[in-house]
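Have a look at entry.tsv below; it lists TSV, C-alpha atoms and all ligand atoms.
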chain	number	residue	atom	x	y	z
A	1	MET	CA	29.74	0.48	-8.09
A	2	ILE	CA	27.90	-1.21	-10.96
A	3	ILE	CA	27.22	0.78	-14.12
A	4	PRO	CA	24.77	-1.18	-16.26
A	5	PHE	CA	24.34	-0.49	-19.95
A	6	ASN	CA	20.80	0.69	-19.42
A	7	LYS	CA	18.48	1.28	-16.47
A	8	VAL	CA	14.87	2.39	-16.28
A	9	TYR	CA	14.15	5.82	-14.82
A	10	ASN	CA	11.38	6.71	-12.44
A	11	SER	CA	10.13	10.26	-12.91
A	12	GLY	CA	7.98	9.94	-9.77
A	13	LYS	CA	4.46	9.92	-11.24
A	14	GLU	CA	4.39	6.49	-12.89
A	15	GLU	CA	2.87	4.56	-9.98
A	16	SER	CA	-0.02	6.94	-9.33
A	17	TYR	CA	-0.93	7.18	-13.02
A	18	ILE	CA	-0.82	3.39	-13.46
A	19	ILE	CA	-3.06	2.88	-10.42
A	20	ASP	CA	-5.46	5.50	-11.71
A	21	ALA	CA	-5.62	3.82	-15.13
A	22	TYR	CA	-6.19	0.47	-13.44
A	23	ARG	CA	-8.97	1.78	-11.21
A	24	SER	CA	-10.71	3.48	-14.12
A	25	GLY	CA	-11.84	0.05	-15.30
A	26	ARG	CA	-10.89	0.91	-18.90
A	27	HIS	CA	-7.67	-0.89	-19.72
A	28	CYS	CA	-7.66	-1.42	-23.47
A	29	GLY	CA	-6.32	0.97	-26.10
A	30	ASN	CA	-7.43	4.47	-27.00
A	31	HIS	CA	-8.79	5.43	-23.55
A	32	GLN	CA	-8.00	8.37	-21.28
A	33	TYR	CA	-4.24	7.91	-20.84
A	34	CYS	CA	-3.73	7.04	-24.51
A	35	ASN	CA	-5.60	10.21	-25.41
A	36	LYS	CA	-3.46	12.25	-23.01
A	37	VAL	CA	-0.24	10.84	-24.47
A	38	VAL	CA	-1.37	11.53	-28.03
A	39	SER	CA	-2.31	15.15	-27.14
A	40	LEU	CA	0.99	15.70	-25.36
A	41	MET	CA	3.01	14.32	-28.27
A	42	LYS	CA	1.16	16.49	-30.79
A	43	LYS	CA	1.39	19.63	-28.68
A	44	LYS	CA	5.02	19.22	-27.68
A	45	HIS	CA	6.50	18.15	-31.02
A	46	GLY	CA	3.91	18.99	-33.68
A	47	PHE	CA	3.12	15.48	-34.95
A	48	ASN	CA	0.22	15.31	-37.38
A	49	GLU	CA	-1.55	12.21	-36.01
A	50	VAL	CA	-0.30	9.64	-33.53
A	51	PHE	CA	-1.34	5.99	-33.12
A	52	LEU	CA	-0.13	4.36	-29.91
A	53	VAL	CA	0.87	0.77	-30.56
A	54	PRO	CA	2.34	-2.14	-28.55
A	55	SER	CA	5.97	-1.61	-29.65
A	56	GLY	CA	8.29	0.12	-32.11
A	57	THR	CA	8.20	-3.14	-34.06
A	58	ALA	CA	4.39	-2.97	-34.25
A	59	ALA	CA	4.61	0.67	-35.37
A	60	LEU	CA	6.85	-0.33	-38.29
A	61	GLU	CA	4.56	-3.22	-39.19
A	62	MET	CA	1.44	-1.08	-39.06
A	63	GLY	CA	3.26	1.45	-41.27
A	64	ALA	CA	4.07	-1.31	-43.77
A	65	VAL	CA	0.39	-2.34	-43.88
A	66	LEU	CA	-0.65	1.27	-44.35
A	67	ALA	CA	1.91	1.69	-47.14
A	68	ASP	CA	0.46	-1.45	-48.77
A	69	ILE	CA	3.78	-3.22	-48.99
A	70	LYS	CA	3.31	-6.25	-51.24
A	71	PRO	CA	5.38	-9.27	-52.36
A	72	GLY	CA	8.15	-8.20	-54.72
A	73	ASP	CA	8.24	-4.53	-53.64
A	74	GLU	CA	11.77	-3.33	-52.97
A	75	VAL	CA	12.47	-1.36	-49.82
A	76	ILE	CA	15.71	0.58	-49.32
A	77	LEU	CA	17.09	0.68	-45.80
A	78	PRO	CA	20.44	0.73	-44.01
A	79	SER	CA	21.97	-2.60	-43.06
A	80	TYR	CA	23.11	-1.00	-39.81
A	81	THR	CA	19.83	-1.28	-37.91
A	82	PHE	CA	17.74	-3.54	-35.70
A	83	SER	CA	15.99	-6.59	-37.15
A	84	SER	CA	12.55	-4.98	-36.68
A	85	THR	CA	13.26	-2.38	-39.39
A	86	VAL	CA	13.67	-5.06	-42.03
A	87	ASN	CA	11.21	-7.62	-40.63
A	88	ALA	CA	8.40	-5.09	-40.92
A	89	VAL	CA	8.69	-5.19	-44.70
A	90	ILE	CA	9.85	-8.75	-45.40
A	91	LEU	CA	6.83	-10.01	-43.42
A	92	PHE	CA	4.73	-8.72	-46.33
A	93	GLY	CA	7.01	-10.21	-48.99
A	94	ALA	CA	9.14	-7.14	-49.77
A	95	ILE	CA	12.78	-7.47	-50.82
A	96	PRO	CA	15.25	-5.56	-48.64
A	97	VAL	CA	17.78	-3.44	-50.52
A	98	PHE	CA	20.53	-2.45	-48.12
A	99	CYS	CA	22.24	0.91	-48.48
A	100	GLU	CA	25.62	2.03	-47.09
A	101	ILE	CA	25.85	4.31	-44.06
A	102	GLU	CA	27.88	7.45	-43.40
A	103	LYS	CA	30.63	7.13	-40.85
A	104	GLU	CA	29.87	10.43	-39.10
A	105	THR	CA	26.41	9.32	-37.92
A	106	MET	CA	26.05	5.61	-38.78
A	107	ASN	CA	22.83	6.60	-40.58
A	108	ILE	CA	21.90	5.78	-44.17
A	109	ASP	CA	24.08	7.63	-46.69
A	110	ALA	CA	21.45	9.65	-48.57
A	111	SER	CA	23.86	10.22	-51.48
A	112	LYS	CA	23.86	6.46	-52.19
A	113	ILE	CA	20.08	5.93	-52.24
A	114	GLU	CA	19.25	6.96	-55.81
A	115	ALA	CA	21.60	4.39	-57.34
A	116	LEU	CA	19.55	1.66	-55.64
A	117	ILE	CA	16.15	2.74	-56.98
A	118	THR	CA	14.51	0.45	-59.55
A	119	PRO	CA	10.96	0.32	-60.98
A	120	LYS	CA	10.13	-2.05	-58.09
A	121	THR	CA	11.21	0.34	-55.33
A	122	LYS	CA	8.26	1.27	-53.11
A	123	MET	CA	9.66	2.67	-49.88
A	124	ILE	CA	12.73	4.01	-48.09
A	125	VAL	CA	13.14	3.27	-44.37
A	126	PRO	CA	15.95	5.35	-42.88
A	127	ILE	CA	16.69	5.16	-39.16
A	128	ASP	CA	17.93	7.76	-36.68
A	129	TYR	CA	20.77	5.85	-35.08
A	130	ALA	CA	21.50	6.76	-31.45
A	131	GLY	CA	18.80	9.44	-31.70
A	132	VAL	CA	20.66	11.44	-34.37
A	133	SER	CA	18.35	12.40	-37.22
A	134	CYS	CA	19.09	11.03	-40.67
A	135	GLU	CA	19.25	13.55	-43.55
A	136	ILE	CA	15.48	13.48	-43.83
A	137	ASP	CA	15.26	16.56	-46.13
A	138	LYS	CA	17.45	14.95	-48.76
A	139	ILE	CA	15.65	11.62	-48.41
A	140	MET	CA	12.23	13.28	-48.86
A	141	GLN	CA	13.48	15.05	-51.99
A	142	ILE	CA	14.60	11.74	-53.49
A	143	ALA	CA	11.29	10.13	-52.50
A	144	GLU	CA	9.29	12.92	-54.11
A	145	LYS	CA	11.29	12.71	-57.33
A	146	HIS	CA	10.70	8.95	-57.62
A	147	ASN	CA	7.24	8.82	-56.03
A	148	LEU	CA	8.31	6.68	-53.07
A	149	ILE	CA	7.03	6.39	-49.52
A	150	VAL	CA	9.34	7.23	-46.61
A	151	MET	CA	8.85	5.59	-43.23
A	152	GLN	CA	11.40	6.94	-40.77
A	153	ASP	CA	12.42	4.50	-38.06
A	154	CYS	CA	12.52	6.94	-35.15
A	155	ALA	CA	12.71	4.16	-32.54
A	156	GLN	CA	15.62	5.99	-30.90
A	157	SER	CA	14.88	9.63	-31.74
A	158	TYR	CA	11.83	10.77	-29.79
A	159	GLY	CA	12.57	14.41	-28.92
A	160	SER	CA	15.36	14.91	-31.50
A	161	TYR	CA	15.09	17.65	-34.10
A	162	TYR	CA	16.20	18.28	-37.69
A	163	LYS	CA	16.11	21.88	-38.94
A	164	ASN	CA	13.80	22.86	-36.08
A	165	LYS	CA	11.33	20.10	-36.92
A	166	ALA	CA	10.87	17.11	-34.61
A	167	CYS	CA	12.06	13.77	-35.94
A	168	GLY	CA	8.99	12.02	-37.22
A	169	THR	CA	7.19	15.10	-38.54
A	170	GLN	CA	8.65	15.14	-42.07
A	171	ALA	CA	8.48	11.58	-43.41
A	172	HIS	CA	5.13	10.15	-44.58
A	173	LEU	CA	5.25	7.73	-41.65
A	174	ALA	CA	7.40	7.57	-38.53
A	175	ALA	CA	7.76	4.76	-35.99
A	176	PHE	CA	8.76	5.40	-32.37
A	177	SER	CA	9.70	2.93	-29.65
A	178	PHE	CA	8.92	3.27	-25.96
A	179	HIS	CA	10.72	0.07	-25.00
A	180	GLU	CA	12.46	0.18	-21.62
A	181	THR	CA	15.82	0.69	-23.36
A	182	LYS	CA	14.65	3.95	-24.92
A	183	ASN	CA	14.64	7.44	-23.38
A	184	PHE	CA	10.92	7.15	-22.51
A	185	ASN	CA	9.71	3.84	-21.23
A	186	ALA	CA	6.31	2.16	-21.29
A	187	GLY	CA	7.87	-1.26	-20.68
A	188	GLU	CA	6.90	-2.18	-24.22
A	189	GLY	CA	5.26	0.44	-26.40
A	190	GLY	CA	5.48	2.47	-29.55
A	191	ALA	CA	3.78	5.00	-31.77
A	192	LEU	CA	3.13	5.35	-35.48
A	193	VAL	CA	2.97	8.93	-36.68
A	194	VAL	CA	0.97	9.38	-39.88
A	195	ASN	CA	1.70	12.61	-41.71
A	196	LYS	CA	-0.49	11.98	-44.77
A	197	ASP	CA	-4.03	13.10	-43.93
A	198	GLU	CA	-5.51	10.94	-46.66
A	199	TRP	CA	-4.18	7.85	-44.86
A	200	LEU	CA	-5.70	8.61	-41.45
A	201	GLN	CA	-9.05	6.87	-41.87
A	202	ARG	CA	-7.36	3.66	-43.06
A	203	ALA	CA	-4.83	3.88	-40.23
A	204	HIS	CA	-7.71	3.80	-37.73
A	205	PHE	CA	-9.17	0.72	-39.44
A	206	ILE	CA	-5.81	-1.07	-39.54
A	207	GLN	CA	-5.12	-0.30	-35.87
A	208	GLU	CA	-8.52	-1.76	-34.88
A	209	LYS	CA	-8.20	-5.22	-36.49
A	210	GLY	CA	-9.39	-3.99	-39.89
A	211	THR	CA	-12.74	-2.77	-38.56
A	212	ASP	CA	-14.47	0.61	-38.58
A	213	ARG	CA	-15.02	0.44	-34.80
A	214	ARG	CA	-13.81	4.01	-34.48
A	215	LEU	CA	-16.82	5.22	-36.47
A	216	VAL	CA	-19.09	3.50	-33.92
A	217	LEU	CA	-17.19	5.11	-31.02
A	218	LYS	CA	-17.62	8.47	-32.75
A	219	GLY	CA	-21.36	7.83	-33.14
A	220	VAL	CA	-21.19	7.82	-36.95
A	221	LYS	CA	-22.34	4.17	-37.24
A	222	SER	CA	-24.29	1.88	-34.94
A	223	LYS	CA	-22.47	-1.39	-35.74
A	224	TYR	CA	-18.92	-1.92	-36.78
A	225	SER	CA	-17.76	-4.30	-39.48
A	226	TRP	CA	-14.70	-5.68	-41.25
A	227	VAL	CA	-13.58	-3.10	-43.80
A	228	ASP	CA	-9.85	-3.56	-44.37
A	229	LYS	CA	-6.83	-5.67	-43.49
A	230	GLY	CA	-5.45	-4.95	-40.05
A	231	SER	CA	-4.33	-6.27	-36.71
A	232	SER	CA	-4.43	-5.36	-33.02
A	233	TYR	CA	-2.09	-2.38	-33.02
A	234	LEU	CA	-3.20	-0.85	-29.71
A	235	LEU	CA	-1.31	0.07	-26.56
A	236	SER	CA	-3.05	-0.73	-23.26
A	237	ASP	CA	-4.19	2.35	-21.32
A	238	ILE	CA	-2.24	1.06	-18.29
A	239	LEU	CA	1.02	1.23	-20.25
A	240	ALA	CA	0.01	4.60	-21.68
A	241	ALA	CA	-0.34	5.83	-18.08
A	242	MET	CA	3.28	4.91	-17.42
A	243	LEU	CA	4.34	6.51	-20.69
A	244	LEU	CA	2.52	9.74	-19.86
A	245	ALA	CA	4.51	10.09	-16.63
A	246	GLN	CA	7.73	9.64	-18.59
A	247	LEU	CA	6.84	12.04	-21.39
A	248	GLU	CA	5.72	14.73	-18.95
A	249	SER	CA	9.30	14.71	-17.63
A	250	GLU	CA	10.94	14.97	-21.04
A	251	ASP	CA	12.80	18.22	-20.38
A	252	GLU	CA	14.25	17.18	-17.00
A	253	MET	CA	15.25	13.79	-18.37
A	254	LYS	CA	16.82	15.33	-21.46
A	255	SER	CA	18.81	17.70	-19.31
A	256	LEU	CA	20.18	14.84	-17.15
A	257	ARG	CA	21.04	12.83	-20.25
A	258	SER	CA	22.83	15.81	-21.80
A	259	ASN	CA	25.34	15.65	-18.88
A	260	ILE	CA	26.33	12.20	-20.11
A	261	THR	CA	26.86	13.28	-23.71
A	262	LYS	CA	28.96	16.21	-22.54
A	263	ALA	CA	31.12	14.08	-20.22
A	264	TYR	CA	31.74	11.44	-22.91
A	265	GLN	CA	32.53	14.10	-25.53
A	266	GLU	CA	35.10	15.66	-23.19
A	267	LEU	CA	36.60	12.28	-22.37
A	268	PHE	CA	37.09	11.24	-25.99
A	269	PHE	CA	38.11	14.65	-27.36
A	270	ASN	CA	41.87	14.14	-27.14
A	271	TYR	CA	41.79	10.51	-28.27
A	272	GLU	CA	39.81	11.62	-31.28
A	273	LYS	CA	42.25	14.45	-31.98
A	274	ASP	CA	45.09	11.92	-31.95
A	275	GLY	CA	43.18	9.74	-34.43
A	276	PHE	CA	42.60	6.75	-32.12
A	277	VAL	CA	38.80	6.89	-32.05
A	278	SER	CA	35.90	8.70	-33.64
A	279	THR	CA	32.53	9.74	-32.25
A	280	PHE	CA	29.45	11.15	-33.94
A	281	LYS	CA	29.64	14.40	-35.90
A	282	ILE	CA	26.42	16.25	-36.37
A	283	SER	CA	25.58	19.35	-38.31
A	284	GLU	CA	24.11	22.47	-36.71
A	285	ASP	CA	20.75	21.42	-38.18
A	286	ILE	CA	20.44	18.52	-35.77
A	287	LYS	CA	19.42	18.66	-32.10
A	288	ILE	CA	19.83	15.36	-30.31
A	289	ASN	CA	17.69	13.74	-27.63
A	290	HIS	CA	20.77	12.27	-25.91
A	291	HIS	CA	19.68	8.70	-26.50
A	292	ALA	CA	23.06	7.03	-26.76
A	293	PHE	CA	26.78	7.51	-27.28
A	294	TRP	CA	29.02	5.43	-29.48
A	295	VAL	CA	32.71	5.32	-30.19
A	296	ILE	CA	34.47	3.78	-33.16
A	297	PHE	CA	37.86	2.45	-32.14
A	298	ASP	CA	40.86	2.22	-34.49
A	299	THR	CA	40.78	-1.57	-34.33
A	300	LYS	CA	38.33	-4.28	-33.31
A	301	GLU	CA	40.94	-5.58	-30.83
A	302	ASN	CA	41.13	-2.21	-29.04
A	303	ALA	CA	37.33	-1.99	-28.93
A	304	GLU	CA	37.27	-5.41	-27.27
A	305	LEU	CA	40.08	-4.53	-24.86
A	306	PHE	CA	38.18	-1.41	-23.82
A	307	MET	CA	34.94	-3.31	-23.16
A	308	ALA	CA	36.75	-6.14	-21.32
A	309	GLY	CA	38.65	-3.68	-19.10
A	310	LEU	CA	35.42	-1.91	-18.20
A	311	ARG	CA	33.64	-5.19	-17.50
A	312	GLU	CA	36.25	-5.96	-14.83
A	313	LYS	CA	35.15	-2.74	-13.13
A	314	SER	CA	31.46	-3.68	-13.51
A	315	ILE	CA	30.87	-1.10	-16.24
A	316	TYR	CA	28.94	-2.50	-19.17
A	317	ALA	CA	29.54	-1.24	-22.69
A	318	TYR	CA	28.48	-3.23	-25.74
A	319	ILE	CA	29.06	-3.66	-29.42
A	320	GLY	CA	26.34	-2.17	-31.63
A	321	TYR	CA	24.22	-4.00	-34.18
A	322	ILE	CA	25.48	-6.91	-36.25
A	323	PRO	CA	24.86	-5.56	-39.78
A	324	LEU	CA	21.76	-7.13	-41.32
A	325	HIS	CA	23.18	-7.82	-44.78
A	326	SER	CA	25.83	-10.18	-43.38
A	327	ALA	CA	23.61	-11.74	-40.70
A	328	PRO	CA	22.31	-15.27	-41.47
A	329	LYS	CA	18.98	-13.97	-42.79
A	330	GLY	CA	20.68	-11.23	-44.87
A	331	LEU	CA	22.87	-13.85	-46.57
A	332	GLU	CA	19.69	-15.64	-47.68
A	333	TYR	CA	18.91	-12.56	-49.78
A	334	GLY	CA	22.20	-13.05	-51.60
A	335	TYR	CA	24.28	-10.47	-49.75
A	336	LYS	CA	27.97	-10.92	-49.00
A	337	LYS	CA	29.90	-9.15	-46.23
A	338	GLU	CA	31.91	-7.10	-48.72
A	339	ASP	CA	28.78	-5.71	-50.43
A	340	LEU	CA	28.63	-3.04	-47.71
A	341	SER	CA	32.23	-2.82	-46.66
A	342	LEU	CA	31.96	0.43	-44.69
A	343	THR	CA	28.98	-0.82	-42.67
A	344	GLU	CA	30.83	-4.07	-41.99
A	345	ASP	CA	34.04	-2.32	-40.94
A	346	LEU	CA	32.39	0.26	-38.66
A	347	GLY	CA	30.12	-2.42	-37.20
A	348	ASN	CA	33.24	-4.34	-36.14
A	349	ARG	CA	34.82	-1.41	-34.33
A	350	ILE	CA	31.91	0.37	-32.67
A	351	VAL	CA	31.26	0.38	-28.93
A	352	ARG	CA	28.13	1.75	-27.28
A	353	LEU	CA	28.67	3.22	-23.85
A	354	PRO	CA	26.38	2.94	-20.81
A	355	PHE	CA	23.63	5.53	-21.18
A	356	TYR	CA	20.57	5.98	-18.97
A	357	THR	CA	18.91	9.00	-17.39
A	358	GLU	CA	20.02	8.28	-13.80
A	359	LEU	CA	23.67	8.15	-14.92
A	360	GLY	CA	23.40	11.89	-15.52
A	361	GLU	CA	23.05	12.21	-11.72
A	362	ILE	CA	24.83	9.22	-10.18
A	363	GLY	CA	27.92	7.31	-11.26
A	364	LEU	CA	29.04	9.41	-14.22
A	365	ASP	CA	32.33	10.56	-12.67
A	366	TYR	CA	33.27	6.99	-11.74
A	367	CYS	CA	32.32	5.74	-15.17
A	368	VAL	CA	34.35	8.39	-16.99
A	369	GLN	CA	37.37	7.93	-14.69
A	370	GLU	CA	37.47	4.20	-15.32
A	371	MET	CA	37.06	4.72	-19.06
A	372	GLU	CA	40.01	7.10	-19.04
A	373	ILE	CA	42.14	4.50	-17.24
A	374	GLN	CA	41.28	1.93	-19.90
A	375	LEU	CA	41.98	4.36	-22.74
A	376	ASN	CA	45.37	5.22	-21.24
A	377	LYS	CA	46.23	1.53	-20.91
A	378	ILE	CA	45.40	0.98	-24.58
A	379	TYR	CA	46.88	4.11	-26.14
A	380	ASN	CA	49.68	5.38	-23.84
B	401	LIG	C1	16.18	1.18	-34.91
B	401	LIG	C2	15.16	0.36	-34.17
B	401	LIG	N1	14.01	0.03	-34.79
B	401	LIG	C3	13.05	-0.67	-34.17
B	401	LIG	C4	13.20	-1.09	-32.86
B	401	LIG	C5	12.12	-1.91	-32.23
B	401	LIG	O1	11.47	-1.27	-31.17
B	401	LIG	P1	10.69	-2.13	-30.07
B	401	LIG	O2	11.70	-2.81	-29.22
B	401	LIG	O3	9.88	-1.12	-29.32
B	401	LIG	O4	9.83	-3.10	-30.79
B	401	LIG	C6	14.37	-0.78	-32.17
B	401	LIG	C7	14.56	-1.23	-30.79
B	401	LIG	O5	15.62	-1.31	-30.26
B	401	LIG	C8	15.38	-0.03	-32.84
B	401	LIG	O6	16.51	0.32	-32.23
Would you write the structure of this file as structure tokens?
Ligand SMILES: Cc1ncc(COP(=O)(O)O)c(C=O)c1O
Amino acid sequence: MIIPFNKVYNSGKEESYIIDAYRSGRHCGNHQYCNKVVSLMKKKHGFNEVFLVPSGTAALEMGAVLADIKPGDEVILPSYTFSSTVNAVILFGAIPVFCEIEKETMNIDASKIEALITPKTKMIVPIDYAGVSCEIDKIMQIAEKHNLIVMQDCAQSYGSYYKNKACGTQAHLAAFSFHETKNFNAGEGGALVVNKDEWLQRAHFIQEKGTDRRLVLKGVKSKYSWVDKGSSYLLSDILAAMLLAQLESEDEMKSLRSNITKAYQELFFNYEKDGFVSTFKISEDIKINHHAFWVIFDTKENAELFMAGLREKSIYAYIGYIPLHSAPKGLEYGYKKEDLSLTEDLGNRIVRLPFYTELGEIGLDYCVQEMEIQLNKIYN
């Protein structure tokens, strides 16, 4: 049996929706399926306004345009994230200021943010690693005190909650990914949630190549013109059709994925008790979407042994991110590995386990059994 790291899931309705979108003859953005996805997202999770975009990366970039990120602005973010989080701001000339993470969640350590704020700080971009919400309440309090913008990178946390509020509803801006590696797959796709009403009109302009085309579609104007900076931040209706099928099955998919979290938690419980590994610890305030599962091993060597042993059994686990501050581009900003020693250390010892919806139905027992064999080889 082969257990890949990730696998796309078919909820059953994708094909018929895609064909319907195709046959409608309207394939560009903001048509019927886009509208259906936006309504569903707002109804299900209470988002203020949703802009469907071509990727999570595009959502972050559109958010940076909307936040008017300019050369010399400083943006605080964790180093333990994907390149898109930082690229979205350096593309517009901002300086990344990397903050340490907390070992319980691998998310930004909110208690370390204030020390990094300078008169040049414009924005904070926390992420929700593995679908676990960052401490968004604390981050919003800091932002309010210092008049900063918060754009939450929710690429992995669609359907997660913090204090009974969906991830992406509390920050000024939130970026979601619907890449095939995420819980809900449009192939490539994303969404920018805009929670500041006064930014909505501009967000429409920016999404539509800096034009007021939306006002023409609404019948307010007869001709559209160039009114702002912008780009083509639109998701095709054909991809939105696929996404709708996935999002309509959120509860069933979440339930299957929860079987995986439970099985992995049970497997690692004793090894954690004995101090060999650690897994995520979340407060009662957080409800997870079961996006991913990670384990921090006691040593890098044991993490590698575990992955190699699994690979021999055709089970594919991987290391997580390479921290950004010590990556080649991070070094160009003057960072050294030891500047964020906790991030560096955890990043060396983390392993992400196979996690995809179908695994909640097929292959989980085999996967867990083989993992237990490897753990016993290493630790007994
Ligand atoms: C934290 C984070 N931000 C942004 C992205 C980018 O999303 P996309 O692949 O949809 O562009 C990812 C994708 O893996 C991610 O994990």
Return as JSON the box centre and box size in Å, one decimal, for an axis-aligned box around all listed atoms of segment 258-268 of chain A padded by 8 Å per side.
{"center_x": 30.0, "center_y": 13.7, "center_z": -22.4, "size_x": 30.3, "size_y": 21.0, "size_z": 23.1}
Problem set entry | Which residue of A:Ala292, A:Ile3, A:Met253, A:Cys99 approaches ligand LIG 401 (chain B) most closely, using all atoms listed in the file |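 Closest candidate: A:Ala292.
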Exercise. At most 7 Å from (13.4, 1.0, -33.1), file frame, only C-alpha atoms: which residues, as a PyMOL selection string?
Worked result: chain A and resi 56-57+82+153-156+176-177
Next, write the just-selected residues to a file, as a compact mmCIF listing (two decimals), keeping the file's coordinate frame, keeping C-alpha atoms as the atom set.
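And here's out.txt as it stands now:
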# COMPACT_ATOMS: atom_id res chain seq x y z
CA GLY A 56 8.29 0.12 -32.11
CA THR A 57 8.20 -3.14 -34.06
CA PHE A 82 17.74 -3.54 -35.70
CA ASP A 153 12.42 4.50 -38.06
CA CYS A 154 12.52 6.94 -35.15
CA ALA A 155 12.71 4.16 -32.54
CA GLN A 156 15.62 5.99 -30.90
CA PHE A 176 8.76 5.40 -32.37
CA SER A 177 9.70 2.93 -29.65
Could you give me, as a PDB file with C-alpha atoms, keeping the file's coordinate frame, every polymer residue with an atom at most 10 Å away from an atom of ligand LIG 401 (chain B), counting all atoms listed in the file?
ATOM      1  CA  VAL A  53       0.870   0.770 -30.560  1.00  0.00           C
ATOM      2  CA  PRO A  54       2.340  -2.140 -28.550  1.00  0.00           C
ATOM      3  CA  SER A  55       5.970  -1.610 -29.650  1.00  0.00           C
ATOM      4  CA  GLY A  56       8.290   0.120 -32.110  1.00  0.00           C
ATOM      5  CA  THR A  57       8.200  -3.140 -34.060  1.00  0.00           C
ATOM      6  CA  ALA A  58       4.390  -2.970 -34.250  1.00  0.00           C
ATOM      7  CA  ALA A  59       4.610   0.670 -35.370  1.00  0.00           C
ATOM      8  CA  LEU A  60       6.850  -0.330 -38.290  1.00  0.00           C
ATOM      9  CA  GLU A  61       4.560  -3.220 -39.190  1.00  0.00           C
ATOM     10  CA  TYR A  80      23.110  -1.000 -39.810  1.00  0.00           C
ATOM     11  CA  THR A  81      19.830  -1.280 -37.910  1.00  0.00           C
ATOM     12  CA  PHE A  82      17.740  -3.540 -35.700  1.00  0.00           C
ATOM     13  CA  SER A  83      15.990  -6.590 -37.150  1.00  0.00           C
ATOM     14  CA  SER A  84      12.550  -4.980 -36.680  1.00  0.00           C
ATOM     15  CA  THR A  85      13.260  -2.380 -39.390  1.00  0.00           C
ATOM     16  CA  VAL A  86      13.670  -5.060 -42.030  1.00  0.00           C
ATOM     17  CA  ASN A  87      11.210  -7.620 -40.630  1.00  0.00           C
ATOM     18  CA  ALA A  88       8.400  -5.090 -40.920  1.00  0.00           C
ATOM     19  CA  PRO A 126      15.950   5.350 -42.880  1.00  0.00           C
ATOM     20  CA  ILE A 127      16.690   5.160 -39.160  1.00  0.00           C
ATOM     21  CA  ASP A 128      17.930   7.760 -36.680  1.00  0.00           C
ATOM     22  CA  TYR A 129      20.770   5.850 -35.080  1.00  0.00           C
ATOM     23  CA  ALA A 130      21.500   6.760 -31.450  1.00  0.00           C
ATOM     24  CA  GLY A 131      18.800   9.440 -31.700  1.00  0.00           C
ATOM     25  CA  GLN A 152      11.400   6.940 -40.770  1.00  0.00           C
ATOM     26  CA  ASP A 153      12.420   4.500 -38.060  1.00  0.00           C
ATOM     27  CA  CYS A 154      12.520   6.940 -35.150  1.00  0.00           C
ATOM     28  CA  ALA A 155      12.710   4.160 -32.540  1.00  0.00           C
ATOM     29  CA  GLN A 156      15.620   5.990 -30.900  1.00  0.00           C
ATOM     30  CA  SER A 157      14.880   9.630 -31.740  1.00  0.00           C
ATOM     31  CA  ALA A 175       7.760   4.760 -35.990  1.00  0.00           C
ATOM     32  CA  PHE A 176       8.760   5.400 -32.370  1.00  0.00           C
ATOM     33  CA  SER A 177       9.700   2.930 -29.650  1.00  0.00           C
ATOM     34  CA  PHE A 178       8.920   3.270 -25.960  1.00  0.00           C
ATOM     35  CA  HIS A 179      10.720   0.070 -25.000  1.00  0.00           C
ATOM     36  CA  GLU A 180      12.460   0.180 -21.620  1.00  0.00           C
ATOM     37  CA  THR A 181      15.820   0.690 -23.360  1.00  0.00           C
ATOM     38  CA  LYS A 182      14.650   3.950 -24.920  1.00  0.00           C
ATOM     39  CA  ASN A 185       9.710   3.840 -21.230  1.00  0.00           C
ATOM     40  CA  ALA A 186       6.310   2.160 -21.290  1.00  0.00           C
ATOM     41  CA  GLY A 187       7.870  -1.260 -20.680  1.00  0.00           C
ATOM     42  CA  GLU A 188       6.900  -2.180 -24.220  1.00  0.00           C
ATOM     43  CA  GLY A 189       5.260   0.440 -26.400  1.00  0.00           C
ATOM     44  CA  GLY A 190       5.480   2.470 -29.550  1.00  0.00           C
ATOM     45  CA  ALA A 191       3.780   5.000 -31.770  1.00  0.00           C
ATOM     46  CA  TYR A 321      24.220  -4.000 -34.180  1.00  0.00           C
TER      47      TYR A 321
END
For this session: Work out how far apart atom CA of His290 of chain A and atom CA of Ile108 of chain A are and give it in Å to one decimal.
Result: 19.4 Å
For this session: Do a neighbour search on Arg202 of chain A at 10 Å with all atoms listed in the file, toss out local chain neighbours closer than 6 positions, and write the hits as a VMD selection string.
Result: chain A and resid 65 to 66 208 210 to 212 227 to 230
Exercise. Of the candidates A:Asp109, A:Glu284, A:Glu49, A:Glu370, which shows the shortest atom-to-atom distance to Met307 of chain A, using all atoms listed in the file?
Worked result: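 Ranked by minimum distance to Met307 of chain A, first place goes to A:Glu370.
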